[in-house]
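Shown below: data04.cif, with mmCIF, C-alpha atoms.
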```cif
data_data
#
loop_
_atom_site.label_atom_id
_atom_site.label_comp_id
_atom_site.auth_asym_id
_atom_site.auth_seq_id
_atom_site.Cartn_x
_atom_site.Cartn_y
_atom_site.Cartn_z
CA MET A 1 0.30 1.71 28.07
CA THR A 2 -2.28 1.16 25.32
CA LYS A 3 -0.74 0.70 21.90
CA LYS A 4 -1.71 3.03 19.07
CA ARG A 5 -3.89 1.47 16.40
CA VAL A 6 -2.74 1.19 12.77
CA LEU A 7 -4.87 0.40 9.71
CA SER A 8 -3.66 -0.20 6.18
CA GLY A 9 -4.45 -2.29 3.13
CA ILE A 10 -3.50 -3.21 -0.43
CA GLN A 11 -5.66 -3.91 -3.46
CA PRO A 12 -5.86 -7.49 -4.80
CA THR A 13 -5.07 -6.47 -8.36
CA GLY A 14 -2.37 -8.95 -9.29
CA ASN A 15 0.89 -9.93 -7.66
CA LEU A 16 2.55 -7.55 -5.19
CA HIS A 17 5.77 -5.94 -6.41
CA LEU A 18 8.80 -4.52 -4.63
CA GLY A 19 7.20 -1.09 -4.50
CA ASN A 20 4.33 -2.51 -2.43
CA TYR A 21 6.72 -4.48 -0.26
CA LEU A 22 9.40 -1.85 0.36
CA GLY A 23 7.00 1.08 0.51
CA SER A 24 4.42 -0.57 2.75
CA ILE A 25 4.61 -4.16 3.97
CA ARG A 26 8.24 -4.22 5.09
CA ASN A 27 7.56 -1.13 7.18
CA TRP A 28 4.47 -2.80 8.69
CA VAL A 29 6.54 -5.84 9.63
CA GLU A 30 9.40 -3.83 11.11
CA HIS A 31 7.16 -1.81 13.42
CA GLN A 32 4.25 -4.19 14.03
CA HIS A 33 5.23 -4.93 17.63
CA ARG A 34 4.70 -1.26 18.51
CA TYR A 35 1.05 -1.10 17.40
CA GLU A 36 -2.35 -2.75 17.43
CA ASN A 37 -2.50 -3.56 13.71
CA TYR A 38 -5.35 -4.16 11.27
CA PHE A 39 -4.24 -5.08 7.76
CA CYS A 40 -6.89 -5.68 5.14
CA VAL A 41 -7.13 -6.71 1.51
CA VAL A 42 -9.11 -3.84 -0.02
CA ASP A 43 -11.09 -5.72 -2.64
CA LEU A 44 -13.86 -3.10 -2.76
CA HIS A 45 -11.28 -0.63 -4.05
CA ALA A 46 -10.22 -3.10 -6.74
CA ILE A 47 -13.50 -2.81 -8.64
CA THR A 48 -13.19 0.96 -9.22
CA ALA A 49 -11.25 -0.03 -12.34
CA PRO A 50 -12.11 -2.81 -14.82
CA HIS A 51 -11.45 -6.17 -13.17
CA ASP A 52 -11.84 -9.88 -13.82
CA PRO A 53 -14.52 -11.45 -11.56
CA GLN A 54 -12.89 -14.86 -12.10
CA THR A 55 -9.67 -13.80 -10.35
CA LEU A 56 -10.78 -11.29 -7.69
CA ALA A 57 -11.28 -13.82 -4.89
CA GLU A 58 -8.10 -15.77 -5.64
CA ASN A 59 -6.09 -12.54 -5.83
CA SER A 60 -7.48 -11.55 -2.44
CA TYR A 61 -6.26 -14.81 -0.89
CA THR A 62 -2.88 -14.31 -2.58
CA ILE A 63 -2.43 -10.89 -0.98
CA ALA A 64 -3.45 -12.21 2.44
CA ALA A 65 -0.96 -15.06 2.10
CA LEU A 66 1.77 -12.62 1.09
CA TYR A 67 1.09 -10.55 4.20
CA LEU A 68 1.92 -13.64 6.25
CA ALA A 69 4.84 -14.62 4.04
CA CYS A 70 6.42 -11.18 4.40
CA GLY A 71 6.37 -11.47 8.16
CA ILE A 72 3.09 -10.06 9.47
CA SER A 73 2.58 -11.81 12.80
CA LEU A 74 -0.85 -12.79 14.10
CA GLU A 75 0.47 -11.98 17.56
CA HIS A 76 0.46 -8.32 16.59
CA ALA A 77 -2.02 -8.03 13.73
CA SER A 78 -5.43 -8.96 12.39
CA ILE A 79 -5.66 -9.78 8.68
CA PHE A 80 -9.02 -9.61 6.91
CA ILE A 81 -10.72 -8.96 3.57
CA GLN A 82 -12.49 -5.62 3.30
CA SER A 83 -15.70 -6.84 1.65
CA HIS A 84 -16.23 -9.41 4.42
CA ILE A 85 -17.24 -6.52 6.70
CA PRO A 86 -20.36 -4.72 5.39
CA ALA A 87 -19.69 -1.70 7.62
CA HIS A 88 -17.12 -0.46 5.09
CA SER A 89 -19.76 0.03 2.42
CA GLU A 90 -22.39 1.40 4.80
CA LEU A 91 -20.11 3.99 6.39
CA THR A 92 -18.99 5.08 2.92
CA TRP A 93 -22.59 5.98 2.04
CA LEU A 94 -23.05 7.88 5.30
CA LEU A 95 -19.82 9.82 4.76
CA ASN A 96 -20.79 10.52 1.16
CA CYS A 97 -23.66 12.55 2.52
CA VAL A 98 -21.35 14.89 4.47
CA THR A 99 -18.53 15.13 1.87
CA PRO A 100 -18.65 18.08 -0.57
CA LEU A 101 -18.42 17.01 -4.21
CA ASN A 102 -15.68 19.51 -5.02
CA TRP A 103 -13.41 17.87 -2.43
CA LEU A 104 -13.47 14.68 -4.50
CA GLN A 105 -13.18 16.41 -7.86
CA ASP A 106 -9.97 18.07 -6.67
CA MET A 107 -8.22 14.79 -5.87
CA ILE A 108 -5.10 14.38 -8.01
CA GLN A 109 -5.39 10.60 -8.42
CA PHE A 110 -8.98 10.92 -9.64
CA LYS A 111 -7.96 13.43 -12.28
CA GLU A 112 -5.10 11.22 -13.48
CA LYS A 113 -7.11 7.98 -13.55
CA ALA A 114 -10.18 9.63 -15.08
CA ILE A 115 -8.08 10.69 -18.06
CA LYS A 116 -6.98 7.06 -18.57
CA GLN A 117 -10.52 5.66 -18.29
CA GLY A 118 -12.11 8.37 -20.48
CA GLU A 119 -15.84 7.93 -20.97
CA ASN A 120 -15.74 4.71 -18.91
CA VAL A 121 -14.89 6.52 -15.67
CA ASN A 122 -17.26 5.34 -12.93
CA VAL A 123 -18.68 6.95 -9.81
CA GLY A 124 -16.69 4.51 -7.69
CA LEU A 125 -13.43 6.01 -8.94
CA LEU A 126 -14.59 9.47 -7.84
CA ASP A 127 -15.80 8.05 -4.53
CA TYR A 128 -12.69 5.97 -3.87
CA PRO A 129 -11.29 8.45 -1.28
CA VAL A 130 -14.50 8.33 0.76
CA LEU A 131 -14.31 4.54 0.88
CA MET A 132 -10.68 4.88 1.95
CA ALA A 133 -11.78 7.32 4.66
CA ALA A 134 -14.42 4.85 5.83
CA ASP A 135 -11.81 2.08 5.98
CA ILE A 136 -9.63 4.17 8.27
CA LEU A 137 -12.29 5.85 10.40
CA LEU A 138 -14.16 2.61 11.13
CA TYR A 139 -11.22 1.40 13.20
CA GLN A 140 -10.50 4.70 14.91
CA ALA A 141 -6.93 4.39 13.61
CA ASP A 142 -4.28 6.56 15.23
CA GLU A 143 -1.82 6.20 12.37
CA VAL A 144 -2.00 5.07 8.75
CA PRO A 145 1.10 3.89 6.85
CA VAL A 146 0.85 5.64 3.47
CA GLY A 147 3.07 6.44 0.52
CA GLU A 148 3.68 10.00 -0.58
CA ASP A 149 1.01 9.64 -3.27
CA GLN A 150 -1.64 8.79 -0.67
CA LYS A 151 -1.03 11.77 1.64
CA GLN A 152 -3.77 13.79 -0.05
CA HIS A 153 -6.26 10.98 0.58
CA LEU A 154 -5.32 10.87 4.26
CA GLU A 155 -5.75 14.64 4.55
CA LEU A 156 -9.20 14.22 3.01
CA THR A 157 -9.96 11.54 5.60
CA ARG A 158 -9.07 13.99 8.35
CA ASP A 159 -11.20 16.69 6.74
CA ILE A 160 -14.21 14.36 6.46
CA ALA A 161 -13.85 13.24 10.09
CA ALA A 162 -13.50 16.82 11.30
CA ARG A 163 -16.54 17.91 9.26
CA PHE A 164 -18.64 15.04 10.61
CA ASN A 165 -17.64 15.74 14.21
CA HIS A 166 -18.33 19.45 13.80
CA GLN A 167 -21.77 18.94 12.27
CA PHE A 168 -23.01 15.98 14.30
CA ALA A 169 -20.80 15.35 17.33
CA LYS A 170 -19.50 18.66 18.67
CA GLN A 171 -19.81 17.75 22.34
CA GLN A 172 -18.35 14.25 22.04
CA PRO A 173 -16.41 13.61 18.78
CA VAL A 174 -17.23 10.25 17.22
CA LEU A 175 -14.43 9.90 14.64
CA LYS A 176 -10.73 10.03 15.43
CA LEU A 177 -8.47 12.10 13.14
CA PRO A 178 -5.62 9.80 11.97
CA HIS A 179 -2.02 10.75 11.27
CA ALA A 180 0.20 9.65 8.36
CA LEU A 181 3.00 7.19 9.06
CA ILE A 182 5.52 7.59 6.23
CA GLN A 183 8.73 5.62 5.79
CA ALA A 184 11.80 7.61 4.78
CA ASP A 185 13.88 5.19 2.69
CA GLY A 186 12.25 3.17 -0.05
CA ALA A 187 8.81 4.72 0.38
CA ARG A 188 8.65 5.43 -3.33
CA ILE A 189 10.20 2.72 -5.53
CA MET A 190 10.35 3.64 -9.19
CA SER A 191 9.74 1.70 -12.41
CA LEU A 192 12.54 -0.40 -13.91
CA THR A 193 11.74 1.06 -17.33
CA ASP A 194 11.36 4.70 -16.28
CA GLY A 195 13.05 6.00 -13.15
CA THR A 196 10.76 9.03 -13.05
CA ARG A 197 7.58 6.98 -12.64
CA LYS A 198 6.44 4.97 -9.63
CA MET A 199 6.58 1.16 -9.86
CA SER A 200 2.98 0.14 -10.46
CA LYS A 201 0.78 -2.92 -10.92
CA SER A 202 -1.18 -0.98 -13.55
CA ASP A 203 1.83 -0.51 -15.85
CA PRO A 204 1.13 -2.63 -18.96
CA SER A 205 4.73 -3.84 -19.06
CA ASP A 206 5.63 -6.54 -16.55
CA LEU A 207 9.29 -5.62 -17.17
CA SER A 208 8.64 -2.39 -15.27
CA ARG A 209 8.37 -4.13 -11.90
CA LEU A 210 9.87 -6.90 -9.80
CA ASN A 211 7.06 -8.99 -8.32
CA LEU A 212 7.45 -10.76 -4.99
CA LEU A 213 6.66 -14.11 -6.60
CA ASP A 214 8.87 -13.73 -9.68
CA PRO A 215 11.16 -16.79 -10.07
CA PRO A 216 14.94 -16.22 -10.11
CA ASP A 217 15.28 -16.46 -13.89
CA LEU A 218 12.62 -13.79 -14.41
CA ILE A 219 14.23 -11.50 -11.82
CA GLN A 220 17.52 -11.86 -13.67
CA LYS A 221 15.84 -11.06 -17.00
CA LYS A 222 14.08 -7.96 -15.70
CA ILE A 223 17.17 -6.51 -14.05
CA LYS A 224 19.27 -7.25 -17.11
CA LYS A 225 16.78 -5.35 -19.29
CA CYS A 226 16.07 -2.46 -16.89
CA LYS A 227 16.77 1.07 -18.05
CA THR A 228 20.14 2.61 -17.16
CA ASP A 229 22.40 5.37 -18.49
CA LEU A 230 25.85 5.47 -20.08
CA GLU A 231 27.71 6.75 -17.02
CA ARG A 232 30.28 4.70 -15.13
CA GLY A 233 30.42 5.14 -11.40
CA LEU A 234 27.14 4.74 -9.55
CA THR A 235 26.16 7.20 -6.86
CA PHE A 236 22.92 8.24 -5.18
CA ASP A 237 23.36 11.95 -5.89
CA ALA A 238 25.44 12.40 -9.05
CA SER A 239 24.04 14.07 -12.14
CA LEU A 240 24.90 13.18 -15.73
CA GLN A 241 28.41 14.42 -16.48
CA GLY A 242 28.24 16.72 -13.47
CA ARG A 243 25.27 18.72 -14.77
CA GLY A 244 21.94 19.43 -13.10
CA SER A 245 20.48 17.68 -10.10
CA ALA A 246 20.20 14.12 -8.86
CA ASN A 247 17.05 13.78 -10.95
CA ASP A 248 19.27 13.62 -14.04
CA ARG A 249 20.05 10.00 -13.09
CA PRO A 250 16.76 8.75 -11.65
CA GLU A 251 17.42 5.14 -12.69
CA CYS A 252 20.79 5.17 -10.95
CA ARG A 253 19.31 6.43 -7.71
CA ASN A 254 16.40 3.98 -7.88
CA LEU A 255 18.52 0.90 -8.57
CA LEU A 256 21.03 1.80 -5.86
CA THR A 257 18.13 2.25 -3.42
CA LEU A 258 16.78 -1.16 -4.40
CA TYR A 259 20.21 -2.72 -3.86
CA MET A 260 20.54 -1.02 -0.47
CA LEU A 261 17.14 -2.32 0.67
CA MET A 262 17.49 -5.82 -0.80
CA SER A 263 21.00 -6.35 0.58
CA GLY A 264 20.33 -4.76 3.96
CA LYS A 265 23.48 -2.65 3.61
CA SER A 266 23.69 0.97 4.69
CA LYS A 267 23.55 3.80 2.18
CA GLU A 268 27.17 4.66 2.95
CA THR A 269 28.32 1.07 2.34
CA VAL A 270 26.47 0.85 -0.99
CA ALA A 271 27.84 4.21 -2.09
CA ALA A 272 31.40 3.11 -1.39
CA GLU A 273 30.91 -0.33 -3.00
CA CYS A 274 29.38 1.02 -6.21
CA GLN A 275 31.13 4.32 -6.82
CA ASP A 276 33.52 2.86 -9.41
CA LEU A 277 31.28 0.18 -10.91
CA GLY A 278 29.74 0.00 -14.36
CA TRP A 279 26.22 -1.30 -14.93
CA GLY A 280 27.52 -4.64 -16.16
CA GLN A 281 29.19 -5.18 -12.79
CA PHE A 282 26.33 -3.80 -10.71
CA LYS A 283 23.34 -5.66 -12.18
CA PRO A 284 24.50 -9.14 -11.08
CA LEU A 285 24.93 -7.77 -7.54
CA LEU A 286 21.37 -6.42 -7.55
CA THR A 287 20.05 -9.66 -9.06
CA GLU A 288 21.66 -11.86 -6.42
CA ALA A 289 20.59 -9.62 -3.55
CA THR A 290 16.98 -9.54 -4.80
CA ILE A 291 16.75 -13.31 -5.33
CA GLU A 292 18.16 -14.05 -1.88
CA HIS A 293 15.92 -11.49 -0.17
CA LEU A 294 12.78 -12.89 -1.80
CA ARG A 295 13.66 -16.59 -1.38
CA PRO A 296 12.27 -17.01 2.19
CA ILE A 297 9.18 -14.93 1.35
CA GLN A 298 8.38 -17.15 -1.64
CA ALA A 299 8.94 -20.31 0.40
CA LYS A 300 6.61 -19.13 3.19
CA TYR A 301 4.00 -18.08 0.62
CA GLN A 302 3.94 -21.57 -0.91
CA GLU A 303 3.57 -23.07 2.57
CA VAL A 304 0.58 -20.85 3.39
CA MET A 305 -1.15 -21.37 0.05
CA THR A 306 -0.95 -25.15 0.32
CA ASP A 307 -2.92 -25.02 3.59
CA LYS A 308 -6.14 -23.24 2.61
CA THR A 309 -7.82 -24.25 5.86
CA TYR A 310 -5.21 -22.32 7.84
CA LEU A 311 -5.55 -19.26 5.61
CA ALA A 312 -9.34 -19.35 5.93
CA SER A 313 -9.04 -19.50 9.73
CA VAL A 314 -6.68 -16.50 9.73
CA LEU A 315 -9.14 -14.45 7.67
CA GLN A 316 -12.12 -15.54 9.76
CA SER A 317 -10.42 -14.60 13.03
CA GLY A 318 -9.27 -11.31 11.54
CA ARG A 319 -12.77 -10.56 10.28
CA ASP A 320 -14.31 -11.26 13.69
CA ARG A 321 -11.89 -8.97 15.55
CA ALA A 322 -12.14 -6.19 12.97
CA ALA A 323 -15.94 -6.37 12.74
CA THR A 324 -16.29 -5.86 16.49
CA ILE A 325 -14.61 -2.46 16.22
CA ALA A 326 -16.13 -1.52 12.85
CA ASP A 327 -19.70 -2.28 13.89
CA ARG A 328 -19.32 -0.28 17.09
CA THR A 329 -18.04 2.77 15.18
CA LEU A 330 -20.80 2.45 12.60
CA ALA A 331 -23.44 2.35 15.34
CA GLU A 332 -22.00 5.52 16.91
CA VAL A 333 -22.01 7.31 13.54
CA LYS A 334 -25.63 6.30 12.85
CA SER A 335 -26.68 7.41 16.32
CA ALA A 336 -25.02 10.81 15.82
CA LEU A 337 -26.83 11.17 12.49
CA GLY A 338 -30.16 10.45 14.18
CA PHE A 339 -31.04 7.05 12.74
CA SER A 340 -33.54 4.87 14.58
CA GLN A 341 -32.16 1.90 16.46
CA VAL A 342 -33.47 -1.66 16.60
CA GLY A 343 -35.93 -2.00 19.46
CA SER A 344 -36.44 1.77 19.80
#
```
Serialized structure, structure tokens:
Amino acid sequence: MTKKRVLSGIQPTGNLHLGNYLGSIRNWVEHQHRYENYFCVVDLHAITAPHDPQTLAENSYTIAALYLACGISLEHASIFIQSHIPAHSELTWLLNCVTPLNWLQDMIQFKEKAIKQGENVNVGLLDYPVLMAADILLYQADEVPVGEDQKQHLELTRDIAARFNHQFAKQQPVLKLPHALIQADGARIMSLTDGTRKMSKSDPSDLSRLNLLDPPDLIQKKIKKCKTDLERGLTFDASLQGRGSANDRPECRNLLTLYMLMSGKSKETVAAECQDLGWGQFKPLLTEATIEHLRPIQAKYQEVMTDKTYLASVLQSGRDRAATIADRTLAEVKSALGFSQVGS
């Protein structure tokens, strides 16, 4: 039986944090044997916000190395850098010409990020979802691992594909409509400084996140300083002093979820272990579990980064395999649109 194809990627905008790992990469690793996987470093997306040209390339290699360090196997996956395949940019332009402007203006993430960037907001930020659609549709992906905040973008991808097929390929659809692949536990890891906000690389405070490459002393510092409440007894569902909903203790729920995922224990085991603990007793447990979970990842990362020839070969092989599929899809799209072909 032919395996379903999966496509996903992460921006090279600094070190990956636990939100990236637990919400995306760990899920990729756990299920990679079930799929034909294409994992890319989406560096074209990284320039929709202000970036440092001096670090973009190195950050891209860092993310690729972390894919390997976290357990992505070349037996099951191709790893490549988005900008190494020109078809991503070309298909984006072609899809731009069939995507209504109001579809993009209605995207929640654009509205939120446009407010932050003010007068400096660029066309690329508005067009980001079309580039994301091109990334996915180029590889005729069956499923796309996404977080809850990316579901709207995936729905837009499906809408763009359906619109293209309806307008230009009614008899024989060219673009496959992908489905979301969403992880239940840990899909949305929250900030250490605000349990109501998602852990993010864009947060100005490094104390808000635990990065995969943070050394043990920094992990200890961040967990020691993370926001908590005054309640004793830690549970996933309790509210402050018995009032309201579970959202009244977002930090409690988030930190218990982190402990569950870092320790590998079940939710029931963690609930029983922590129900009578205070924060002073719990934080060392979370610190130790996090350090031990990240230790082999950090060791493998250092091994990969010290052999740049190996990493380059991985990216070259990944690029070659991915380009074969991407170029074929692009040619089919251009043919459906009526473009002339070489030699015609």
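Proximity of A:Leu277, A:Ala289, A:Leu258, A:Phe168 to Lys334 in chain A, computed with only C-alpha atoms, is greatest for A:Phe168.
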Taking the file as shown, what set of residues would the PyMOL selection byres ((chain A and resi 123) around 12) give back, as a PDB file with C-alpha atoms, keeping the file's coordinate frame?
```
ATOM      1  CA  ILE A  47     -13.500  -2.810  -8.640  1.00  0.00           C
ATOM      2  CA  THR A  48     -13.190   0.960  -9.220  1.00  0.00           C
ATOM      3  CA  ALA A  49     -11.250  -0.030 -12.340  1.00  0.00           C
ATOM      4  CA  ASN A  96     -20.790  10.520   1.160  1.00  0.00           C
ATOM      5  CA  LEU A 101     -18.420  17.010  -4.210  1.00  0.00           C
ATOM      6  CA  LEU A 104     -13.470  14.680  -4.500  1.00  0.00           C
ATOM      7  CA  GLN A 105     -13.180  16.410  -7.860  1.00  0.00           C
ATOM      8  CA  PHE A 110      -8.980  10.920  -9.640  1.00  0.00           C
ATOM      9  CA  ALA A 114     -10.180   9.630 -15.080  1.00  0.00           C
ATOM     10  CA  GLN A 117     -10.520   5.660 -18.290  1.00  0.00           C
ATOM     11  CA  GLU A 119     -15.840   7.930 -20.970  1.00  0.00           C
ATOM     12  CA  ASN A 120     -15.740   4.710 -18.910  1.00  0.00           C
ATOM     13  CA  VAL A 121     -14.890   6.520 -15.670  1.00  0.00           C
ATOM     14  CA  ASN A 122     -17.260   5.340 -12.930  1.00  0.00           C
ATOM     15  CA  GLY A 124     -16.690   4.510  -7.690  1.00  0.00           C
ATOM     16  CA  LEU A 125     -13.430   6.010  -8.940  1.00  0.00           C
ATOM     17  CA  LEU A 126     -14.590   9.470  -7.840  1.00  0.00           C
ATOM     18  CA  ASP A 127     -15.800   8.050  -4.530  1.00  0.00           C
ATOM     19  CA  TYR A 128     -12.690   5.970  -3.870  1.00  0.00           C
ATOM     20  CA  PRO A 129     -11.290   8.450  -1.280  1.00  0.00           C
ATOM     21  CA  VAL A 130     -14.500   8.330   0.760  1.00  0.00           C
ATOM     22  CA  LEU A 131     -14.310   4.540   0.880  1.00  0.00           C
TER      23      LEU A 131
END
```
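Remark: for Trp279 in chain A, the closest of the candidate residues A:Thr62, A:Thr228, A:Ser263, A:Gln302 is A:Thr228 (distances computed over only C-alpha atoms).
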Assuming the chain letters and numbering stay as they are in my file, what does the PyMOL selection byres ((chain A and resi 219-227) around 7) actually select? List them as a VMD selection string. chain A and resid 192 to 194 207 210 214 to 218 228 251 283 287
Can you translate the PyMOL selection byres ((chain A and resi 90) around 12) into the concrete residues it hits in this file, as a PyMOL selection string? chain A and resi 83+85-89+91-97+130-131+134-135+138+326-327+329-331+333-334
So that I can check the surroundings of Ser202 in chain A, please list as a ChimeraX atom specification every protein, DNA and RNA residue that reaches within 10 Å of it, counting only C-alpha atoms and ignoring chain neighbours fewer than 3 positions away. /A:13-14,199,205-206
Would you compute the distance between CA of Gln298 in chain A and CA of Gly280 in chain A? Give it in Å to one decimal. 27.1 Å
Any idea what's packed within 12 Å of Ala69 in chain A, counting all atoms listed in the file, ignoring anything in its chain fewer than 5 positions away? Could you give it as a VMD selection string? chain A and resid 16 21 25 to 26 29 62 to 64 74 212 to 213 294 to 305 311
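For Ala180 in chain A, the set of protein, DNA and RNA residues having any atom at most 12 Å away, when counting only C-alpha atoms and skipping those fewer than 5 positions along the same chain, is Val6, Leu7, Ser8, Ile136, Ala141, Asp142, Glu143, Val144, Pro145, Val146, Gly147, Glu148, Asp149, Gln150, Lys151, Gln152, His153, Leu154, Glu155, Leu156, Thr157 and Arg158 of chain A.
Going from CA of Ala77 in chain A over to CA of Asn37 in chain A, you cover 4.5 Å.
As for CA of Ala57 in chain A and CA of Gln316 in chain A, they are spaced 14.8 Å apart.
Using only C-alpha atoms, the nearest neighbour of Glu332 in chain A within the list A:Ser266, A:Arg197, A:Gln172, A:Cys252 is A:Gln172.
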May I have the residues within 7 Å of Pro12 in chain A as a list in words, using only C-alpha atoms and disregarding those fewer than 5 positions away in the same chain? Val41, Val42, Asp43, Ala46, Leu56, Asn59, Ser60 and Ile63 of chain A
If we count all atoms listed in the file, what is near Glu268 in chain A at a cut-off of 12 Å, once residues fewer than 5 positions away on the same chain are taken out, given as a list of chain:residue names? A:Thr235, A:Phe236, A:Leu256, A:Thr257, A:Met260, A:Glu273, A:Cys274, A:Gln275
